[in-house]
$ cat work_1.csv   # CSV, C-alpha atoms (C1' of nucleotides)
chain,number,residue,atom,x,y,z
P,1,MET,CA,45.5,-65.6,106.1
P,2,ALA,CA,42.6,-66.5,103.8
P,3,ARG,CA,43.9,-69.7,102.2
P,4,ARG,CA,42.7,-71.3,99.0
P,5,GLY,CA,40.4,-74.2,99.3
P,6,ALA,CA,42.5,-77.4,99.2
P,7,TYR,CA,45.2,-76.0,101.5
P,8,ALA,CA,42.7,-74.7,104.1
P,9,LYS,CA,41.0,-78.1,104.1
P,10,GLY,CA,44.3,-79.8,104.8
P,11,ILE,CA,44.8,-77.6,107.7
P,12,ALA,CA,41.4,-78.3,109.1
P,13,LYS,CA,41.9,-82.0,108.7
P,14,ARG,CA,45.2,-81.8,110.5
P,15,GLU,CA,43.4,-80.0,113.4
P,16,GLU,CA,40.7,-82.7,113.4
P,17,ILE,CA,43.3,-85.5,113.5
P,18,LEU,CA,45.1,-83.8,116.3
P,19,ALA,CA,42.0,-83.3,118.3
P,20,VAL,CA,41.0,-87.0,118.0
P,21,ALA,CA,44.6,-88.1,118.7
P,22,LEU,CA,44.7,-86.1,121.9
P,23,ASP,CA,41.4,-87.4,123.0
P,24,VAL,CA,42.3,-91.1,122.3
P,25,ILE,CA,45.7,-90.8,123.9
P,26,ALA,CA,44.2,-89.0,126.9
P,27,ARG,CA,41.7,-91.8,127.6
P,28,HIS,CA,43.4,-94.9,126.4
P,29,GLY,CA,47.1,-94.2,126.9
P,30,TYR,CA,49.5,-94.6,124.1
P,31,ARG,CA,51.8,-97.5,125.0
P,32,GLY,CA,54.5,-97.5,122.3
P,33,ALA,CA,53.0,-94.4,120.6
P,34,SER,CA,53.8,-95.6,117.1
P,35,VAL,CA,52.4,-93.8,114.1
P,36,ARG,CA,50.5,-96.9,113.3
P,37,GLU,CA,48.7,-96.9,116.6
P,38,ILE,CA,47.7,-93.3,116.3
P,39,ALA,CA,46.6,-93.9,112.8
P,40,ASP,CA,44.3,-96.7,113.9
P,41,ALA,CA,43.0,-94.5,116.7
P,42,VAL,CA,42.0,-91.7,114.3
P,43,GLY,CA,40.6,-94.1,111.7
P,44,LEU,CA,43.3,-93.7,109.1
P,45,SER,CA,46.0,-96.0,107.7
P,46,GLN,CA,49.5,-95.3,108.6
P,47,ALA,CA,50.2,-93.9,105.1
P,48,GLY,CA,47.0,-91.8,105.3
P,49,LEU,CA,48.1,-90.2,108.5
P,50,LEU,CA,51.6,-89.5,107.2
P,51,HIS,CA,50.0,-87.7,104.3
P,52,TYR,CA,49.1,-84.9,106.7
P,53,PHE,CA,52.2,-85.1,108.9
P,54,GLY,CA,55.2,-85.8,106.8
P,55,SER,CA,57.0,-87.8,109.5
P,56,LYS,CA,56.6,-89.3,112.9
P,57,ASP,CA,58.6,-86.4,114.4
P,58,GLU,CA,56.3,-83.8,112.8
P,59,LEU,CA,53.3,-85.6,114.1
P,60,PHE,CA,54.5,-85.8,117.7
P,61,THR,CA,55.8,-82.2,117.7
P,62,ALA,CA,52.3,-81.1,116.5
P,63,ILE,CA,50.7,-83.2,119.3
P,64,LEU,CA,53.0,-81.6,122.0
P,65,VAL,CA,52.3,-78.1,120.7
P,66,LYS,CA,48.6,-78.7,120.5
P,67,ARG,CA,48.5,-80.0,124.0
P,68,ASP,CA,50.2,-77.0,125.4
P,69,GLU,CA,47.7,-74.8,123.5
P,70,VAL,CA,44.7,-76.7,124.9
P,71,ASP,CA,46.1,-76.6,128.4
P,72,ASN,CA,46.7,-72.9,128.3
P,73,ALA,CA,43.4,-72.0,126.6
P,74,ASP,CA,41.7,-70.8,129.7
P,75,ASN,CA,44.4,-69.4,131.9
P,76,THR,CA,43.3,-66.8,134.4
P,77,GLY,CA,46.6,-65.0,134.6
P,78,ASP,CA,47.4,-66.2,138.1
P,79,MET,CA,50.1,-68.6,137.1
P,80,LEU,CA,50.3,-70.6,140.3
P,81,GLU,CA,46.5,-71.0,140.3
P,82,ASP,CA,46.5,-72.0,136.7
P,83,LEU,CA,49.3,-74.5,137.4
P,84,VAL,CA,47.2,-76.3,140.0
P,85,ARG,CA,44.2,-76.3,137.8
P,86,ILE,CA,46.1,-77.8,134.9
P,87,VAL,CA,47.6,-80.4,137.1
P,88,ALA,CA,44.2,-81.3,138.4
P,89,HIS,CA,43.0,-81.7,134.9
P,90,ASN,CA,45.9,-83.8,134.0
P,91,ALA,CA,44.7,-86.5,136.4
P,92,GLU,CA,41.9,-87.1,134.0
P,93,VAL,CA,44.1,-87.5,131.0
P,94,PRO,CA,46.7,-90.0,132.1
P,95,GLY,CA,47.6,-91.0,128.6
P,96,LEU,CA,48.7,-87.5,127.7
P,97,VAL,CA,50.6,-87.2,130.9
P,98,HIS,CA,52.4,-90.5,130.0
P,99,LEU,CA,53.1,-89.4,126.5
P,100,PHE,CA,54.5,-86.0,127.6
P,101,ALA,CA,56.6,-87.5,130.3
P,102,GLN,CA,58.0,-90.2,128.0
P,103,LEU,CA,58.9,-87.7,125.2
P,104,SER,CA,60.5,-85.2,127.6
P,105,ILE,CA,62.9,-87.9,128.8
P,106,GLU,CA,63.6,-89.3,125.4
P,107,ALA,CA,64.3,-85.7,124.3
P,108,ALA,CA,67.2,-85.5,126.6
P,109,ASP,CA,69.3,-86.8,123.8
P,110,PRO,CA,70.5,-83.6,122.0
P,111,THR,CA,69.9,-85.3,118.6
P,112,HIS,CA,66.2,-86.0,119.4
P,113,PRO,CA,63.9,-84.0,117.2
P,114,ALA,CA,61.9,-82.7,120.2
P,115,HIS,CA,65.1,-81.7,122.2
P,116,ASP,CA,64.9,-78.0,121.4
P,117,PHE,CA,61.1,-78.0,121.9
P,118,PHE,CA,61.5,-79.2,125.5
P,119,ARG,CA,64.6,-77.3,126.3
P,120,GLU,CA,62.9,-74.0,125.2
P,121,ARG,CA,59.7,-75.0,127.0
P,122,TYR,CA,61.4,-75.6,130.3
P,123,GLY,CA,63.6,-72.5,129.9
P,124,PHE,CA,60.5,-70.4,129.1
P,125,LEU,CA,58.5,-71.8,132.0
P,126,ARG,CA,61.3,-71.2,134.5
P,127,ARG,CA,61.7,-67.6,133.4
P,128,VAL,CA,58.0,-66.7,133.4
P,129,LEU,CA,57.4,-68.5,136.7
P,130,ALA,CA,60.4,-66.8,138.3
P,131,GLU,CA,59.0,-63.5,137.2
P,132,ARG,CA,55.6,-64.3,138.8
P,133,ILE,CA,57.4,-65.3,142.0
P,134,ARG,CA,59.2,-62.0,142.1
P,135,GLU,CA,55.9,-60.2,141.7
P,136,GLY,CA,54.4,-62.3,144.5
P,137,GLN,CA,57.2,-61.3,146.8
P,138,VAL,CA,56.6,-57.6,145.9
P,139,ASP,CA,52.9,-57.8,146.7
P,140,GLY,CA,53.7,-59.8,149.8
P,141,SER,CA,51.9,-63.0,149.0
P,142,LEU,CA,55.1,-65.1,148.8
P,143,ARG,CA,58.0,-65.5,151.2
P,144,PRO,CA,60.5,-62.8,150.7
P,145,GLY,CA,63.5,-65.1,151.3
P,146,LEU,CA,62.9,-67.3,148.3
P,147,ASP,CA,65.2,-67.3,145.4
P,148,PRO,CA,62.8,-66.8,142.4
P,149,GLU,CA,64.8,-68.9,139.9
P,150,ARG,CA,65.4,-71.7,142.3
P,151,THR,CA,61.9,-71.8,143.5
P,152,ALA,CA,60.6,-71.8,139.9
P,153,ALA,CA,62.8,-74.8,139.1
P,154,ILE,CA,61.6,-76.6,142.2
P,155,ILE,CA,57.9,-76.0,141.5
P,156,ILE,CA,58.3,-77.2,137.9
P,157,ALA,CA,60.3,-80.2,139.1
P,158,ALA,CA,57.7,-81.1,141.7
P,159,THR,CA,55.0,-80.9,139.1
P,160,ASP,CA,56.9,-83.3,136.8
P,161,GLY,CA,57.9,-85.7,139.6
P,162,LEU,CA,54.4,-85.9,140.9
P,163,GLN,CA,53.4,-87.1,137.4
P,164,THR,CA,55.8,-90.0,137.7
P,165,GLN,CA,54.3,-91.0,141.0
P,166,PHE,CA,50.8,-90.6,139.7
P,167,LEU,CA,51.5,-92.7,136.6
P,168,LEU,CA,52.8,-95.5,138.7
P,169,ASP,CA,50.0,-95.1,141.3
P,170,PRO,CA,46.9,-93.2,140.1
P,171,THR,CA,45.7,-92.7,143.7
P,172,VAL,CA,48.4,-90.1,144.1
P,173,ASP,CA,46.7,-86.7,144.2
P,174,MET,CA,49.0,-84.5,142.2
P,175,ALA,CA,47.0,-81.3,142.6
P,176,ALA,CA,46.7,-81.6,146.4
P,177,GLU,CA,50.4,-82.4,146.8
P,178,LEU,CA,51.4,-79.4,144.6
P,179,ALA,CA,49.0,-77.1,146.4
P,180,ALA,CA,50.6,-78.2,149.7
P,181,LEU,CA,54.0,-77.2,148.3
P,182,LEU,CA,52.7,-73.8,147.1
P,183,GLY,CA,51.2,-73.3,150.5
P,184,GLU,CA,54.6,-73.7,152.2
P,185,LEU,CA,55.9,-70.9,149.9
P,186,ARG,CA,53.3,-68.4,150.9
P,187,ALA,CA,54.3,-65.5,153.2
A,1,MET,CA,75.5,-119.5,150.7
A,2,ALA,CA,78.6,-121.4,149.7
A,3,ARG,CA,77.6,-122.5,146.2
A,4,ARG,CA,79.3,-125.1,144.0
A,5,GLY,CA,81.9,-124.0,141.5
A,6,ALA,CA,80.1,-123.5,138.2
A,7,TYR,CA,77.1,-121.7,139.7
A,8,ALA,CA,79.2,-119.4,141.9
A,9,LYS,CA,81.2,-118.5,138.8
A,10,GLY,CA,78.0,-117.6,136.9
A,11,ILE,CA,77.0,-115.3,139.8
A,12,ALA,CA,80.4,-113.7,139.8
A,13,LYS,CA,80.2,-113.1,136.1
A,14,ARG,CA,76.8,-111.6,136.4
A,15,GLU,CA,78.1,-109.2,139.0
A,16,GLU,CA,81.1,-108.3,136.7
A,17,ILE,CA,78.8,-107.7,133.8
A,18,LEU,CA,76.5,-105.5,135.9
A,19,ALA,CA,79.4,-103.4,137.2
A,20,VAL,CA,80.7,-102.8,133.7
A,21,ALA,CA,77.2,-102.1,132.3
A,22,LEU,CA,76.6,-99.5,135.1
A,23,ASP,CA,79.9,-97.9,134.4
A,24,VAL,CA,79.5,-97.7,130.6
A,25,ILE,CA,75.9,-96.5,130.9
A,26,ALA,CA,76.9,-93.9,133.5
A,27,ARG,CA,79.6,-92.4,131.3
A,28,HIS,CA,78.3,-92.9,127.8
A,29,GLY,CA,74.5,-92.8,128.2
A,30,TYR,CA,72.4,-95.6,126.9
A,31,ARG,CA,70.3,-94.1,124.1
A,32,GLY,CA,67.9,-96.9,123.1
A,33,ALA,CA,69.3,-99.2,125.8
A,34,SER,CA,69.0,-102.3,123.7
A,35,VAL,CA,70.5,-105.6,124.8
A,36,ARG,CA,72.9,-105.4,121.9
A,37,GLU,CA,74.3,-102.1,122.9
A,38,ILE,CA,74.9,-103.2,126.5
A,39,ALA,CA,76.4,-106.5,125.1
A,40,ASP,CA,78.8,-104.5,123.0
A,41,ALA,CA,79.7,-102.3,125.9
A,42,VAL,CA,80.6,-105.2,128.1
A,43,GLY,CA,82.4,-107.1,125.3
A,44,LEU,CA,80.0,-109.9,124.7
A,45,SER,CA,77.7,-110.8,121.9
A,46,GLN,CA,74.0,-110.3,122.4
A,47,ALA,CA,73.5,-114.0,122.8
A,48,GLY,CA,76.4,-114.2,125.2
A,49,LEU,CA,74.9,-111.6,127.4
A,50,LEU,CA,71.5,-113.3,127.4
A,51,HIS,CA,73.2,-116.5,128.5
A,52,TYR,CA,73.6,-114.8,132.0
A,53,PHE,CA,70.3,-112.8,132.0
A,54,GLY,CA,67.6,-114.9,130.4
A,55,SER,CA,65.8,-111.9,128.9
A,56,LYS,CA,66.0,-108.2,128.4
A,57,ASP,CA,63.6,-107.7,131.3
A,58,GLU,CA,65.8,-109.7,133.7
A,59,LEU,CA,68.8,-107.7,132.6
A,60,PHE,CA,67.3,-104.3,133.2
A,61,THR,CA,65.7,-105.3,136.5
A,62,ALA,CA,69.1,-106.5,137.7
A,63,ILE,CA,70.7,-103.2,136.5
A,64,LEU,CA,68.0,-101.2,138.4
A,65,VAL,CA,68.5,-103.2,141.6
A,66,LYS,CA,72.2,-103.0,141.4
A,67,ARG,CA,72.2,-99.2,140.9
A,68,ASP,CA,70.1,-98.8,144.1
A,69,GLU,CA,72.6,-101.0,146.0
A,70,VAL,CA,75.5,-99.0,144.8
A,71,ASP,CA,73.8,-95.7,145.6
A,72,ASN,CA,72.9,-96.7,149.1
A,73,ALA,CA,76.2,-98.4,149.8
A,74,ASP,CA,77.6,-95.5,152.0
A,75,ASN,CA,74.5,-93.9,153.5
A,76,THR,CA,75.1,-92.0,156.7
A,77,GLY,CA,71.7,-92.6,158.2
A,78,ASP,CA,70.7,-88.9,157.8
A,79,MET,CA,68.3,-89.5,155.0
A,80,LEU,CA,68.0,-85.9,153.8
A,81,GLU,CA,71.7,-85.5,153.7
A,82,ASP,CA,72.2,-88.8,151.9
A,83,LEU,CA,69.6,-87.7,149.4
A,84,VAL,CA,71.5,-84.5,148.5
A,85,ARG,CA,74.7,-86.5,148.3
A,86,ILE,CA,73.2,-89.1,146.0
A,87,VAL,CA,71.7,-86.4,143.8
A,88,ALA,CA,75.1,-84.6,143.6
A,89,HIS,CA,76.7,-87.9,142.6
A,90,ASN,CA,74.0,-88.4,139.9
A,91,ALA,CA,75.1,-85.4,138.1
A,92,GLU,CA,78.3,-87.3,137.2
A,93,VAL,CA,76.4,-90.3,135.8
A,94,PRO,CA,73.9,-88.8,133.4
A,95,GLY,CA,73.5,-92.1,131.5
A,96,LEU,CA,72.2,-93.8,134.6
A,97,VAL,CA,69.9,-90.9,135.4
A,98,HIS,CA,68.5,-91.1,131.9
A,99,LEU,CA,68.1,-94.9,132.0
A,100,PHE,CA,66.3,-94.7,135.4
A,101,ALA,CA,64.0,-91.9,134.4
A,102,GLN,CA,63.1,-93.6,131.1
A,103,LEU,CA,62.3,-96.9,132.7
A,104,SER,CA,60.3,-95.4,135.6
A,105,ILE,CA,58.1,-93.7,133.0
A,106,GLU,CA,57.8,-96.8,130.8
A,107,ALA,CA,56.9,-98.8,133.9
A,108,ALA,CA,53.8,-96.8,134.4
A,109,ASP,CA,52.1,-99.5,132.2
A,110,PRO,CA,50.9,-102.1,134.8
A,111,THR,CA,51.9,-104.9,132.4
A,112,HIS,CA,55.5,-103.6,132.2
A,113,PRO,CA,57.9,-106.0,133.8
A,114,ALA,CA,59.4,-103.3,136.1
A,115,HIS,CA,56.1,-101.9,137.1
A,116,ASP,CA,56.0,-103.6,140.5
A,117,PHE,CA,59.7,-102.8,141.1
A,118,PHE,CA,59.1,-99.0,140.7
A,119,ARG,CA,55.8,-99.0,142.5
A,120,GLU,CA,57.3,-100.7,145.5
A,121,ARG,CA,60.4,-98.5,145.4
A,122,TYR,CA,58.4,-95.3,145.4
A,123,GLY,CA,56.0,-96.6,148.1
A,124,PHE,CA,59.0,-97.6,150.3
A,125,LEU,CA,60.8,-94.3,149.7
A,126,ARG,CA,57.7,-92.3,150.7
A,127,ARG,CA,57.1,-94.3,153.9
A,128,VAL,CA,60.7,-94.2,155.1
A,129,LEU,CA,61.1,-90.5,154.2
A,130,ALA,CA,57.8,-89.6,155.9
A,131,GLU,CA,59.1,-91.3,159.0
A,132,ARG,CA,62.3,-89.4,159.0
A,133,ILE,CA,60.4,-86.1,158.5
A,134,ARG,CA,58.3,-87.0,161.5
A,135,GLU,CA,61.5,-87.6,163.5
A,136,GLY,CA,62.8,-84.3,162.3
A,137,GLN,CA,59.7,-82.5,163.6
A,138,VAL,CA,60.1,-84.2,167.0
A,139,ASP,CA,63.7,-83.1,167.3
A,140,GLY,CA,62.8,-79.7,166.1
A,141,SER,CA,64.9,-79.5,163.0
A,142,LEU,CA,62.0,-79.5,160.6
A,143,ARG,CA,58.9,-77.2,160.5
A,144,PRO,CA,56.2,-78.6,162.7
A,145,GLY,CA,53.3,-77.7,160.4
A,146,LEU,CA,54.4,-80.0,157.5
A,147,ASP,CA,52.4,-83.1,156.6
A,148,PRO,CA,55.0,-85.8,156.6
A,149,GLU,CA,53.5,-87.9,153.9
A,150,ARG,CA,52.9,-85.0,151.6
A,151,THR,CA,56.3,-83.5,152.2
A,152,ALA,CA,57.9,-86.9,151.5
A,153,ALA,CA,56.0,-87.1,148.2
A,154,ILE,CA,57.1,-83.6,147.3
A,155,ILE,CA,60.8,-84.1,148.0
A,156,ILE,CA,60.8,-87.3,145.9
A,157,ALA,CA,58.9,-85.5,143.1
A,158,ALA,CA,61.3,-82.6,143.2
A,159,THR,CA,64.3,-85.0,143.0
A,160,ASP,CA,62.8,-86.7,140.0
A,161,GLY,CA,61.7,-83.6,138.2
A,162,LEU,CA,65.1,-81.9,138.7
A,163,GLN,CA,66.5,-84.9,136.8
A,164,THR,CA,64.3,-84.1,133.8
A,165,GLN,CA,65.5,-80.6,133.8
A,166,PHE,CA,69.1,-81.7,134.3
A,167,LEU,CA,68.9,-84.2,131.4
A,168,LEU,CA,67.6,-81.5,129.1
A,169,ASP,CA,70.1,-78.9,130.3
A,170,PRO,CA,73.1,-80.3,132.2
A,171,THR,CA,73.9,-76.9,133.6
A,172,VAL,CA,71.0,-77.3,136.0
A,173,ASP,CA,72.5,-77.9,139.5
A,174,MET,CA,70.2,-80.6,140.9
A,175,ALA,CA,71.8,-80.9,144.3
A,176,ALA,CA,71.8,-77.1,144.9
A,177,GLU,CA,68.1,-76.8,143.9
A,178,LEU,CA,67.2,-79.7,146.1
A,179,ALA,CA,69.2,-78.4,149.0
A,180,ALA,CA,67.3,-75.1,148.6
A,181,LEU,CA,64.0,-76.9,148.9
A,182,LEU,CA,65.1,-78.7,152.0
A,183,GLY,CA,66.3,-75.4,153.5
A,184,GLU,CA,62.8,-74.0,153.1
A,185,LEU,CA,61.4,-77.0,155.1
A,186,ARG,CA,63.7,-76.4,158.1
A,187,ALA,CA,62.3,-75.0,161.3
B,1,DG,C1',80.5,-120.3,127.8
B,2,DT,C1',80.5,-117.8,123.8
B,3,DC,C1',79.7,-117.4,119.2
B,4,DT,C1',77.2,-116.8,114.4
B,5,DA,C1',73.1,-116.9,112.2
B,6,DT,C1',68.5,-116.3,111.9
B,7,DA,C1',63.5,-116.3,113.1
B,8,DG,C1',59.7,-113.4,113.9
B,9,DA,C1',57.8,-109.0,115.2
B,10,DC,C1',57.4,-104.2,114.7
B,11,DC,C1',59.0,-99.8,113.3
B,12,DG,C1',59.0,-95.5,109.9
B,13,DA,C1',58.9,-94.3,105.3
B,14,DT,C1',57.6,-94.5,100.5
B,15,DA,C1',55.8,-96.1,95.8
B,16,DG,C1',52.0,-96.4,93.3
B,17,DA,C1',46.9,-97.8,92.4
B,18,DC,C1',42.5,-95.8,92.7
Y,1,DG,C1',43.1,-88.0,99.8
Y,2,DT,C1',43.5,-92.5,101.1
Y,3,DC,C1',44.7,-97.0,100.4
Y,4,DT,C1',47.6,-101.6,100.0
Y,5,DA,C1',51.9,-103.3,99.6
Y,6,DT,C1',56.5,-103.4,100.6
Y,7,DC,C1',61.3,-102.0,101.7
Y,8,DG,C1',65.0,-101.7,104.9
Y,9,DG,C1',66.0,-101.1,109.5
Y,10,DT,C1',66.1,-102.6,114.5
Y,11,DC,C1',64.6,-105.1,118.1
Y,12,DT,C1',64.4,-109.7,121.3
Y,13,DA,C1',65.0,-114.3,121.5
Y,14,DT,C1',66.6,-118.8,120.2
Y,15,DA,C1',69.0,-122.7,117.6
Y,16,DG,C1',73.0,-124.8,117.0
Y,17,DA,C1',78.2,-124.9,116.0
Y,18,DC,C1',82.5,-124.8,118.5
$ encode --input "work_1.csv" --output "structure tokens"
Amino acid sequence: MARRGAYAKGIAKREEILAVALDVIARHGYRGASVREIADAVGLSQAGLLHYFGSKDELFTAILVKRDEVDNADNTGDMLEDLVRIVAHNAEVPGLVHLFAQLSIEAADPTHPAHDFFRERYGFLRRVLAERIREGQVDGSLRPGLDPERTAAIIIAATDGLQTQFLLDPTVDMAAELAALLGELRA
Amino acid sequence: MARRGAYAKGIAKREEILAVALDVIARHGYRGASVREIADAVGLSQAGLLHYFGSKDELFTAILVKRDEVDNADNTGDMLEDLVRIVAHNAEVPGLVHLFAQLSIEAADPTHPAHDFFRERYGFLRRVLAERIREGQVDGSLRPGLDPERTAAIIIAATDGLQTQFLLDPTVDMAAELAALLGELRA
DNA sequence: GTCTATAGACCGATAGAC
DNA sequence: GTCTATCGGTCTATAGAC
């Protein structure tokens, strides 16, 4: 762990850049999300920013990973409850929602640098959520007739799709809509 | 209606271009979806294509509208059934699904030329679907406890979100997942 | 009606000064 | 470590030949 000075400082600066980038994107959106725009936002030149993140792809991957980290920082362990909480929080960071949605669609191309990130992320979410649904059926809180894998896919899909509706019309209450769906799945 | 020669021919050529563009995008995807790529696909130069559609925005709006037309051409009137049928068909035209998903996200920006198109489209879909759900509750085919507006938003969201999962992993069976959700909503 | 050619903007990446 | 400057690429749009 204990790194030598210069290297550790680089790491710290990367973290600082990511924190500022997330904050700026969250509040002001990101439009084209070019390296230049993010560099302006964090107060560096384009070349200065790319000194820390070798390429655009590296930068955006770091942003995606960091966002997941931040979102999951205070999970309670009740996955469905956490999901609603994260979705409610998302309504306050529309720029991040927009960035994430945009990149997840662009990443559909198998040659896109974030393709594997998103594929693995969705696969992981489906597996973990299906497992929680199975547990919910055992403890009697969720309907016994549900197919855990299918239900997991539907919950994730609804979460993503509500983001599209929210981005187009910010009066859409994502958390309330999602909570309503989860309510229908209770035993 | 009956237009004079030259004008009518321009209209017909526009339709022909749109039909080819939809077919090519459907089968081969659209990647960056630039005017040049679509021009190549339909066998015109970029300038030649823009002779019929004054700008990129006009072209893509026309493609979006045309796709809705084609999709709804043989609706049965049973909206939920039609939805599953359209989703099943979508699995065969991944390029169109990708294009639509991408543009709907980009259009979140209120200054985007397709912003109003998508906003109105989603609003319209929610209203019509909510009305059908209300009818389904009256005739006893759908659960009486459902909030029609919320349920409409959730069904639309699930449909969109399943597209994201499908685009990242084409083995995802969108129609089956959606049908499972609709099954859970039945009385 | 369709083309070639090009203008003008923006992109990511890199070289090199300091 | 951060900058300016710049390269080569791609994009939309348009001017003008045929």
$ interface_residues --input "work_1.csv" --of "chain P" --to "chain Y" --cutoff "10 Å" --atoms "all atoms listed in the file" --output "number ranges by chain"
P: 10, 44-49, 51-52
$ closest_atom_pairs --input "work_1.csv" --of "chain B" --to "chain A" --cutoff "9 Å" --atoms "all atoms listed in the file" --output "Markdown table"
| residue | atom | partner | partner_atom | distance |
| --- | --- | --- | --- | --- |
| B:DG1 | C1' | A:Gly48 | CA | 7.8 |
| B:DT2 | C1' | A:Gly48 | CA | 5.6 |
| B:DC3 | C1' | A:Ser45 | CA | 7.4 |
$ interface_residues --input "work_1.csv" --of "chain P" --to "chain A" --cutoff "7 Å" --atoms "all atoms listed in the file" --output "ChimeraX atom specification"
/P:101-102,105,108,119,150,154,157-158,160-162,164,167-168,177
$ atom_distance --input "work_1.csv" --atom1 "atom CA of Phe100 of chain A" --atom2 "atom CA of Leu64 of chain A"
7.4 Å
$ residues_around --input "work_1.csv" --residues "Ala26 of chain A" --least-positions-apart "6" --cutoff "7 Å" --atoms "only C-alpha atoms (C1' of nucleotides)" --output "list in words"
Val93, Pro94, Gly95 and Leu96 of chain A
$ atom_distance --input "work_1.csv" --atom1 "atom CA of Lys13 of chain A" --atom2 "atom CA of Ala91 of chain A"
28.2 Å
$ atom_distance --input "work_1.csv" --atom1 "atom CA of Ile17 of chain A" --atom2 "atom CA of Ala73 of chain A"
18.7 Å
$ residues_around --input "work_1.csv" --residues "Ser55 of chain P" --least-positions-apart "6" --cutoff "9 Å" --atoms "all atoms listed in the file" --output "list in words"
Val35 of chain P; DG12 and DA13 of chain B
$ closest_residue --input "work_1.csv" --among "A:Ala41, A:Val65, A:Ala175, A:Leu129" --to "Met79 of chain A" --atoms "only C-alpha atoms"
A:Leu129
